[in-house]
Number of protein chains: 2
Amino acid sequence: MAAKIIDGNAIAKEMRQEIGAEVERLNKEHGITPGLATVLVGERPASQMYVRMKQRACEKIGIRSFGYSLPEGSTQEEVEGLIRELSANPEIHGILVQLPLPRHLDEERVLGSVALEKDVDGFHPINIGRLAMKGREPLFVPCTPYGCMVLLEKAGAQIEGAEAVVLGRSNIVGLPVSMLLLHANATVTICHSRSKDLPSICRRADILVAAVGRPEMVKGDWVKPGAYVIDVGSNKVEDPTAEKGYRWVGDVAFDEVKEVAGAITPSPGGVGPMTITMLLKNTLTAAQRSLSG
Amino acid sequence: MAAKIIDGNAIAKEMRQEIGAEVERLNKEHGITPGLATVLVGERPASQMYVRMKQRACEKIGIRSFGYSLPEGSTQEEVEGLIRELSANPEIHGILVQLPLPRHLDEERVLGSVALEKDVDGFHPINIGRLAMKGREPLFVPCTPYGCMVLLEKAGAQIEGAEAVVLGRSNIVGLPVSMLLLHANATVTICHSRSKDLPSICRRADILVAAVGRPEMVKGDWVKPGAYVIDVGSNKVEDPTAEKGYRWVGDVAFDEVKEVAGAITPSPGGVGPMTITMLLKNTLTAAQRSLSG
């Protein structure tokens with residue numbers, strides 16, 4: 001029996017409508033327009049594209065977006081100085097520093113200079129520490145892991161007591177999603193490139209999250225029948241039959257795995273649209289909190 | 001074949017001698033005596049005992065110990081004020097806040113007021129965040145998890161690529177030891193009271209760390225033959241045959257498990273003596289770093 005397809009586009013669309021309605025209400029009732037500042041250092045084309053996508057998504061639902069671009073060669077002090085200004089600006093409720101930063105900058109210090117209550121990306125060292133600890137709530141959950149959790153919930157996955165396997169241990173996805181699954185009372189296994197016999201580890205999973213950046217690595221026989229499979233990967237692969245000569249695939253061999261899994265996200269169209277949606281939600285939350293501040 | 005017994009007392013003794021020799025050298029060559037401040041709020045007898053044990057262990061190897069006791073009813077400001085003073089005192093290289101704190105105090109804020117370079121317990125929110133992240137080194141590793149890792153290394157465990165199972169997800173042991181094992185390239189499974197079928201999860205482990213506080217919970221048939229078993233538990237159980245009417249046992253049923261495991265720590269006499277040893281080591285490290293500060 002083929003798996004249920006978890007439609008990230010549809011879920012994201014519905015959530016964005018709800019967020020948009022709440023933005024409008026906030027504006028009407030309290031005269032507040034949520035504002036997101038994006039900080040881009042340097043000119044990586046992929047980063048420029050991500051920032052533009054975030055800005056457009058904001059504008060579409062009534063969140064004001066403030067774009068800041070600093071030259072590649074900016075000093076630590078210049079970047080932190082800008083972020084401190086934005087942290088003090090009452091029109092800005094959320095601050096997003098587009099990663100990766102140029103290598104000469106100290107990423108941890110830059111992220112640590114964001115006001116905690118505006119850290120809508122959830123990457124402030126204090127928020128990361130809280131995310132890792134039991135009983136300490138981060139002010140904001142990082143967007144991609146947060147999106148994975150929402151997809152699992154919307155798809156009806158039973159997380160408590162489940163065996164969850166996370167493939168990949170990156171700071172922006174693998175580690176935080178592992179912590180979220182653990183706090184939701186799953187038994188969590190974190191595996192990675194040094195793990196032995198990945199197929200049999202993955203086959204234990206009631207919930208499998210793939211976040212390694214290896215095209216179609218997870219095969220049909222890596223998956224337990226009925227499992228929930230969340231594919232965070234987004235990999236560009238050559239494809240002479242495609243119009244542009246390439247196409248995007250996830251970390252999961254979708255066609256094979258959908259015949260085994262109970263539910264699966266496609267990629268594209270699964271986790272991707274959720275990431276920006278959760279950023280919008282975090283920005284709304286920051287603006288709402290500013291009311292009672 | 002019976003397991004090799006990992007003798008925490010012997011390993012701790014040897015390490016304390018090495019640390020003591022280094023303390024002496026630091027004193028002779030640089031005129032510096034490492035200093036550890038202990039901060040105790042309230043009068044819990046167990047906490048008083050732990051603090052005394054730490055102080056005595058310091059004095060025995062030439063580390064100066066500064067004991068501070070505040071009354072149970074101290075305010076957040078009073079506790080943080082003391083810690084700020086200690087953070088500024090150049091004779092003090094390490095600050096240990098004995099946990100748990102009285103409930104009316106905000107633990108995270110208290111721990112966050114310790115100067116990062118004196119956080120020898122490794123519980124500053126920034127250090128915890130760094131411990132959880134790949135590629136960000138904490139200034140100090142929390143003492144009990146650090147002790148577990150040293151015991152594994154001294155016993156010759158192969159960590160990279162091993163399946164490690166951590167039973168328990170506390171902030172002071174389970175979570176940080178999981179992160180340390182992960183950074184050492186083990187495949188790590190974190191399980192807990194909501195996990196299903198603990199015995200079979202534990203049986204996967206090449207390295208099993210038990211830190212749940214349940215007397216002799218891990219039985220012989222929970223353990224893979226040849227596994228390394230680290231028992232963090234220390235539980236007082238009634239025993240009419242014992243002189244005092246009680247005795248201390250670990251989370252592991254030692255007599256059964258030692259017939260199956262490849263190596264095992266006893267409890268008492270395994271992890272316990274290592275915890276204070278790693279505190280001494282962290283304090284020495286803090287003093288050494290102050291030279292180049």
# chains A, B, ... in the order shown; residues from 1 in each chain; ligands from 1
call {"tool": "closest_atom_pairs", "arguments": {"of": "chain A", "to": "chain B", "cutoff": "6 Å", "atoms": "only C-alpha atoms", "output": "tab-separated table"}}
result
residue	atom	partner	partner_atom	distance
A:Pro125	CA	B:Gly129	CA	5.7
A:Ile126	CA	B:Ile126	CA	5.9
A:Ile128	CA	B:Gly129	CA	5.4
A:Gly129	CA	B:Gly129	CA	3.7
A:Met133	CA	B:Asn171	CA	5.7
A:Gly161	CA	B:Ser195	CA	4.9
A:Asn171	CA	B:Met133	CA	5.7
A:Thr187	CA	B:Cys191	CA	5.0
A:Val188	CA	B:Ile190	CA	5.4
A:Thr189	CA	B:Thr189	CA	4.0
A:Ile190	CA	B:Val188	CA	5.4
A:Cys191	CA	B:Thr187	CA	5.0
A:Arg194	CA	B:Gly161	CA	5.4
A:Ser195	CA	B:Gly161	CA	4.9
A:Lys196	CA	B:Gly161	CA	5.8
call {"tool": "residues_around", "arguments": {"residues": "range 60-67 of chain A", "least_positions_apart": "5", "cutoff": "7 Å", "atoms": "only C-alpha atoms", "output": "JSON, numbers by chain"}}
result
{"A": [20, 23, 33, 34, 35, 36, 37, 38, 39, 55]}
call {"tool": "write_last_selection", "arguments": {"atoms": "C-alpha atoms", "output": "compact mmCIF listing (two decimals), in the first residue's frame"}}
result
# COMPACT_ATOMS: atom_id res chain seq x y z
CA GLY A 20 -1.81 36.39 7.81
CA VAL A 23 -1.11 39.73 11.43
CA THR A 33 2.80 45.60 12.01
CA PRO A 34 5.16 42.68 12.68
CA GLY A 35 8.58 43.44 11.23
CA LEU A 36 11.39 41.08 10.20
CA ALA A 37 14.93 42.30 9.53
CA THR A 38 17.12 40.13 7.34
CA VAL A 39 20.88 40.54 7.58
CA GLN A 55 11.19 38.81 2.31
call {"tool": "residues_around", "arguments": {"residues": "range 254-257 of chain A", "least_positions_apart": "3", "cutoff": "12 Å", "atoms": "only C-alpha atoms", "output": "tab-separated table (two decimals) with N, CA and C atoms, in the first residue's frame"}}
result
chain	number	residue	atom	x	y	z
A	1	MET	N	0.85	-1.20	0.00
A	1	MET	CA	0.00	0.00	0.00
A	1	MET	C	0.89	1.24	0.00
A	2	ALA	N	0.57	2.17	-0.87
A	2	ALA	CA	1.42	3.37	-0.97
A	2	ALA	C	1.17	4.29	0.21
A	3	ALA	N	2.23	5.01	0.58
A	3	ALA	CA	2.18	5.89	1.75
A	3	ALA	C	1.29	7.09	1.50
A	4	LYS	N	0.80	7.62	2.60
A	4	LYS	CA	0.14	8.92	2.56
A	4	LYS	C	1.20	9.98	2.27
A	5	ILE	N	0.93	10.85	1.33
A	5	ILE	CA	1.89	11.91	1.01
A	5	ILE	C	1.60	13.12	1.90
A	203	ARG	N	15.95	1.13	9.71
A	203	ARG	CA	14.81	0.21	9.69
A	203	ARG	C	14.12	0.08	11.04
A	208	LEU	N	11.35	8.54	10.82
A	208	LEU	CA	12.68	8.67	10.24
A	208	LEU	C	12.83	10.08	9.67
A	210	ALA	N	15.43	12.41	7.62
A	210	ALA	CA	16.68	12.36	6.85
A	210	ALA	C	17.15	13.78	6.59
A	215	PRO	N	21.79	12.82	-2.11
A	215	PRO	CA	20.63	12.57	-2.95
A	215	PRO	C	20.12	11.12	-2.88
A	216	GLU	N	18.89	10.97	-2.53
A	216	GLU	CA	18.19	9.67	-2.56
A	216	GLU	C	18.96	8.54	-1.86
A	217	MET	N	19.58	8.88	-0.76
A	217	MET	CA	20.39	7.90	-0.02
A	217	MET	C	19.52	6.83	0.66
A	218	VAL	N	18.39	7.25	1.20
A	218	VAL	CA	17.54	6.31	1.94
A	218	VAL	C	16.69	5.52	0.95
A	219	LYS	N	16.95	4.22	0.90
A	219	LYS	CA	16.26	3.35	-0.06
A	219	LYS	C	15.03	2.70	0.58
A	220	GLY	N	14.26	2.06	-0.27
A	220	GLY	CA	13.05	1.39	0.21
A	220	GLY	C	13.32	0.38	1.32
A	221	ASP	N	14.43	-0.37	1.20
A	221	ASP	CA	14.67	-1.41	2.21
A	221	ASP	C	15.35	-0.86	3.47
A	222	TRP	N	15.47	0.48	3.57
A	222	TRP	CA	15.96	1.10	4.81
A	222	TRP	C	14.79	1.47	5.73
A	223	VAL	N	13.58	1.25	5.25
A	223	VAL	CA	12.42	1.83	5.94
A	223	VAL	C	11.51	0.74	6.47
A	224	LYS	N	11.08	0.91	7.71
A	224	LYS	CA	10.15	-0.02	8.33
A	224	LYS	C	8.77	0.21	7.72
A	225	PRO	N	8.05	-0.86	7.38
A	225	PRO	CA	6.72	-0.67	6.81
A	225	PRO	C	5.84	0.16	7.76
A	226	GLY	N	5.21	1.17	7.21
A	226	GLY	CA	4.32	2.00	8.00
A	226	GLY	C	4.97	3.22	8.65
A	227	ALA	N	6.29	3.37	8.52
A	227	ALA	CA	7.00	4.47	9.19
A	227	ALA	C	6.62	5.84	8.62
A	228	TYR	N	6.79	6.88	9.45
A	228	TYR	CA	6.65	8.26	9.00
A	228	TYR	C	8.03	8.73	8.56
A	229	VAL	N	8.13	9.18	7.32
A	229	VAL	CA	9.43	9.59	6.79
A	229	VAL	C	9.41	11.08	6.44
A	230	ILE	N	10.31	11.83	7.09
A	230	ILE	CA	10.42	13.27	6.84
A	230	ILE	C	11.75	13.50	6.12
A	231	ASP	N	11.66	14.05	4.93
A	231	ASP	CA	12.84	14.22	4.08
A	231	ASP	C	13.24	15.70	4.06
A	233	GLY	N	16.18	16.76	3.03
A	233	GLY	CA	17.18	16.99	1.99
A	233	GLY	C	16.64	17.75	0.79
A	248	TRP	N	15.65	18.67	-8.64
A	248	TRP	CA	15.87	18.64	-7.19
A	248	TRP	C	15.33	17.33	-6.63
A	249	VAL	N	16.12	16.68	-5.79
A	249	VAL	CA	15.65	15.47	-5.10
A	249	VAL	C	15.99	15.58	-3.62
A	250	GLY	N	15.31	14.78	-2.83
A	250	GLY	CA	15.57	14.77	-1.40
A	250	GLY	C	16.66	13.79	-1.02
A	251	ASP	N	16.79	13.51	0.28
A	251	ASP	CA	17.72	12.49	0.78
A	251	ASP	C	17.10	11.10	0.72
A	260	VAL	N	6.69	1.72	0.90
A	260	VAL	CA	6.94	1.04	2.17
A	260	VAL	C	6.42	1.85	3.36
A	261	ALA	N	6.70	3.15	3.31
A	261	ALA	CA	6.38	4.02	4.45
A	261	ALA	C	4.87	4.13	4.64
A	262	GLY	N	4.49	4.60	5.86
A	262	GLY	CA	3.08	4.88	6.11
A	262	GLY	C	2.73	6.29	5.66
A	263	ALA	N	3.70	7.18	5.80
A	263	ALA	CA	3.50	8.58	5.38
A	263	ALA	C	4.86	9.14	5.02
A	264	ILE	N	4.91	10.04	4.07
A	264	ILE	CA	6.20	10.55	3.60
A	264	ILE	C	6.03	11.97	3.05
A	265	THR	N	7.04	12.79	3.30
A	265	THR	CA	7.05	14.12	2.67
A	265	THR	C	7.78	14.01	1.34
A	266	PRO	N	7.26	14.63	0.30
A	266	PRO	CA	8.04	14.72	-0.93
A	266	PRO	C	9.12	15.79	-0.76
A	267	SER	N	10.09	15.80	-1.66
A	267	SER	CA	11.05	16.90	-1.70
A	267	SER	C	11.40	17.12	-3.15
A	268	PRO	N	11.09	18.29	-3.70
A	268	PRO	CA	10.51	19.47	-3.04
A	268	PRO	C	9.03	19.29	-2.68
A	270	GLY	N	7.80	19.42	0.63
A	270	GLY	CA	7.54	18.87	1.96
A	270	GLY	C	8.01	19.84	3.03
call {"tool": "select_by_dssp", "arguments": {"residues": "range 21-262 of chain A", "states": "strand (DSSP E or B)", "output": "PyMOL selection string"}}
result
chain A and resi 35-41+64-70+94-97+163-167+187-191+207-210+218+228-231+235-238+246-249+252
call {"tool": "select_by_dssp", "arguments": {"residues": "range 11-144 of chain B", "states": "helix (DSSP H, G or I)", "output": "ChimeraX atom specification"}}
result
/B:11-30,45-60,76-88,107-112,116-118,125-132,143-144
call {"tool": "closest_residue", "arguments": {"among": "B:Lys118, B:His104, B:Lys54, B:His93", "to": "Leu139 in chain B", "atoms": "only C-alpha atoms"}}
result
B:Lys118
call {"tool": "atom_distance", "arguments": {"atom1": "CA of Met278 in chain B", "atom2": "CA of Asp121 in chain B"}}
result
9.0 Å
call {"tool": "atom_distance", "arguments": {"atom1": "CA of Ile83 in chain B", "atom2": "CA of Leu26 in chain B"}}
result
25.2 Å
call {"tool": "atom_distance", "arguments": {"atom1": "CA of Val110 in chain A", "atom2": "CA of Leu70 in chain A"}}
result
13.4 Å
call {"tool": "closest_residue", "arguments": {"among": "B:Val166, B:Leu151, B:Leu111, B:Ala253", "to": "Val212 in chain B", "atoms": "only C-alpha atoms"}}
result
B:Val166
call {"tool": "decode", "arguments": {"residues": "range 15-46 of chain B", "atoms": "N, CA and C atoms", "output": "PDB file, in the first residue's frame"}}
result
ATOM      1  N   MET B  15      44.749  10.066  38.461  1.00  0.00           N
ATOM      2  CA  MET B  15      44.543  11.384  37.853  1.00  0.00           C
ATOM      3  C   MET B  15      44.745  12.498  38.880  1.00  0.00           C
ATOM      4  N   ARG B  16      44.283  12.245  40.110  1.00  0.00           N
ATOM      5  CA  ARG B  16      44.437  13.303  41.124  1.00  0.00           C
ATOM      6  C   ARG B  16      45.911  13.555  41.444  1.00  0.00           C
ATOM      7  N   GLN B  17      46.697  12.483  41.390  1.00  0.00           N
ATOM      8  CA  GLN B  17      48.136  12.674  41.594  1.00  0.00           C
ATOM      9  C   GLN B  17      48.732  13.535  40.485  1.00  0.00           C
ATOM     10  N   GLU B  18      48.333  13.240  39.251  1.00  0.00           N
ATOM     11  CA  GLU B  18      48.829  14.043  38.122  1.00  0.00           C
ATOM     12  C   GLU B  18      48.390  15.501  38.252  1.00  0.00           C
ATOM     13  N   ILE B  19      47.119  15.687  38.628  1.00  0.00           N
ATOM     14  CA  ILE B  19      46.608  17.057  38.779  1.00  0.00           C
ATOM     15  C   ILE B  19      47.364  17.761  39.910  1.00  0.00           C
ATOM     16  N   GLY B  20      47.580  17.033  41.005  1.00  0.00           N
ATOM     17  CA  GLY B  20      48.308  17.605  42.148  1.00  0.00           C
ATOM     18  C   GLY B  20      49.719  18.041  41.753  1.00  0.00           C
ATOM     19  N   ALA B  21      50.384  17.225  40.941  1.00  0.00           N
ATOM     20  CA  ALA B  21      51.744  17.557  40.504  1.00  0.00           C
ATOM     21  C   ALA B  21      51.722  18.829  39.659  1.00  0.00           C
ATOM     22  N   GLU B  22      50.711  18.958  38.843  1.00  0.00           N
ATOM     23  CA  GLU B  22      50.585  20.135  37.972  1.00  0.00           C
ATOM     24  C   GLU B  22      50.252  21.387  38.801  1.00  0.00           C
ATOM     25  N   VAL B  23      49.436  21.193  39.823  1.00  0.00           N
ATOM     26  CA  VAL B  23      49.102  22.310  40.732  1.00  0.00           C
ATOM     27  C   VAL B  23      50.385  22.809  41.397  1.00  0.00           C
ATOM     28  N   GLU B  24      51.208  21.872  41.823  1.00  0.00           N
ATOM     29  CA  GLU B  24      52.460  22.233  42.493  1.00  0.00           C
ATOM     30  C   GLU B  24      53.384  22.997  41.530  1.00  0.00           C
ATOM     31  N   ARG B  25      53.468  22.498  40.301  1.00  0.00           N
ATOM     32  CA  ARG B  25      54.309  23.140  39.303  1.00  0.00           C
ATOM     33  C   ARG B  25      53.836  24.576  39.040  1.00  0.00           C
ATOM     34  N   LEU B  26      52.526  24.732  38.914  1.00  0.00           N
ATOM     35  CA  LEU B  26      51.935  26.044  38.651  1.00  0.00           C
ATOM     36  C   LEU B  26      52.298  27.008  39.784  1.00  0.00           C
ATOM     37  N   ASN B  27      52.258  26.465  40.977  1.00  0.00           N
ATOM     38  CA  ASN B  27      52.565  27.273  42.160  1.00  0.00           C
ATOM     39  C   ASN B  27      54.034  27.680  42.164  1.00  0.00           C
ATOM     40  N   LYS B  28      54.907  26.694  41.930  1.00  0.00           N
ATOM     41  CA  LYS B  28      56.349  26.971  41.958  1.00  0.00           C
ATOM     42  C   LYS B  28      56.773  27.902  40.833  1.00  0.00           C
ATOM     43  N   GLU B  29      56.321  27.579  39.638  1.00  0.00           N
ATOM     44  CA  GLU B  29      56.844  28.311  38.470  1.00  0.00           C
ATOM     45  C   GLU B  29      56.156  29.646  38.236  1.00  0.00           C
ATOM     46  N   HIS B  30      54.900  29.748  38.658  1.00  0.00           N
ATOM     47  CA  HIS B  30      54.158  30.972  38.345  1.00  0.00           C
ATOM     48  C   HIS B  30      53.571  31.643  39.581  1.00  0.00           C
ATOM     49  N   GLY B  31      53.765  31.043  40.741  1.00  0.00           N
ATOM     50  CA  GLY B  31      53.217  31.639  41.961  1.00  0.00           C
ATOM     51  C   GLY B  31      51.693  31.668  42.010  1.00  0.00           C
ATOM     52  N   ILE B  32      51.081  30.749  41.255  1.00  0.00           N
ATOM     53  CA  ILE B  32      49.611  30.721  41.235  1.00  0.00           C
ATOM     54  C   ILE B  32      49.098  29.503  41.987  1.00  0.00           C
ATOM     55  N   THR B  33      48.168  29.707  42.893  1.00  0.00           N
ATOM     56  CA  THR B  33      47.467  28.586  43.515  1.00  0.00           C
ATOM     57  C   THR B  33      46.054  28.553  42.952  1.00  0.00           C
ATOM     58  N   PRO B  34      45.704  27.461  42.237  1.00  0.00           N
ATOM     59  CA  PRO B  34      44.335  27.382  41.719  1.00  0.00           C
ATOM     60  C   PRO B  34      43.330  27.493  42.867  1.00  0.00           C
ATOM     61  N   GLY B  35      42.261  28.224  42.649  1.00  0.00           N
ATOM     62  CA  GLY B  35      41.253  28.413  43.689  1.00  0.00           C
ATOM     63  C   GLY B  35      39.860  28.081  43.186  1.00  0.00           C
ATOM     64  N   LEU B  36      39.125  27.321  43.999  1.00  0.00           N
ATOM     65  CA  LEU B  36      37.744  26.963  43.653  1.00  0.00           C
ATOM     66  C   LEU B  36      36.792  27.538  44.702  1.00  0.00           C
ATOM     67  N   ALA B  37      35.821  28.297  44.262  1.00  0.00           N
ATOM     68  CA  ALA B  37      34.778  28.784  45.169  1.00  0.00           C
ATOM     69  C   ALA B  37      33.554  27.893  45.055  1.00  0.00           C
ATOM     70  N   THR B  38      33.045  27.443  46.200  1.00  0.00           N
ATOM     71  CA  THR B  38      31.788  26.697  46.196  1.00  0.00           C
ATOM     72  C   THR B  38      30.701  27.604  46.757  1.00  0.00           C
ATOM     73  N   VAL B  39      29.553  27.593  46.095  1.00  0.00           N
ATOM     74  CA  VAL B  39      28.430  28.416  46.544  1.00  0.00           C
ATOM     75  C   VAL B  39      27.272  27.486  46.887  1.00  0.00           C
ATOM     76  N   LEU B  40      26.897  27.521  48.145  1.00  0.00           N
ATOM     77  CA  LEU B  40      25.808  26.675  48.631  1.00  0.00           C
ATOM     78  C   LEU B  40      24.698  27.597  49.121  1.00  0.00           C
ATOM     79  N   VAL B  41      23.489  27.402  48.604  1.00  0.00           N
ATOM     80  CA  VAL B  41      22.358  28.196  49.081  1.00  0.00           C
ATOM     81  C   VAL B  41      21.415  27.255  49.828  1.00  0.00           C
ATOM     82  N   GLY B  42      21.169  27.556  51.100  1.00  0.00           N
ATOM     83  CA  GLY B  42      20.289  26.707  51.898  1.00  0.00           C
ATOM     84  C   GLY B  42      21.086  25.652  52.648  1.00  0.00           C
ATOM     85  N   GLU B  43      20.371  24.705  53.246  1.00  0.00           N
ATOM     86  CA  GLU B  43      21.034  23.759  54.143  1.00  0.00           C
ATOM     87  C   GLU B  43      20.681  22.304  53.881  1.00  0.00           C
ATOM     88  N   ARG B  44      20.452  21.938  52.618  1.00  0.00           N
ATOM     89  CA  ARG B  44      20.197  20.512  52.326  1.00  0.00           C
ATOM     90  C   ARG B  44      21.404  19.694  52.776  1.00  0.00           C
ATOM     91  N   PRO B  45      21.164  18.679  53.617  1.00  0.00           N
ATOM     92  CA  PRO B  45      22.304  17.904  54.133  1.00  0.00           C
ATOM     93  C   PRO B  45      23.116  17.240  53.011  1.00  0.00           C
ATOM     94  N   ALA B  46      22.452  16.703  51.993  1.00  0.00           N
ATOM     95  CA  ALA B  46      23.198  16.046  50.909  1.00  0.00           C
ATOM     96  C   ALA B  46      24.091  17.060  50.209  1.00  0.00           C
TER      97      ALA B  46
END
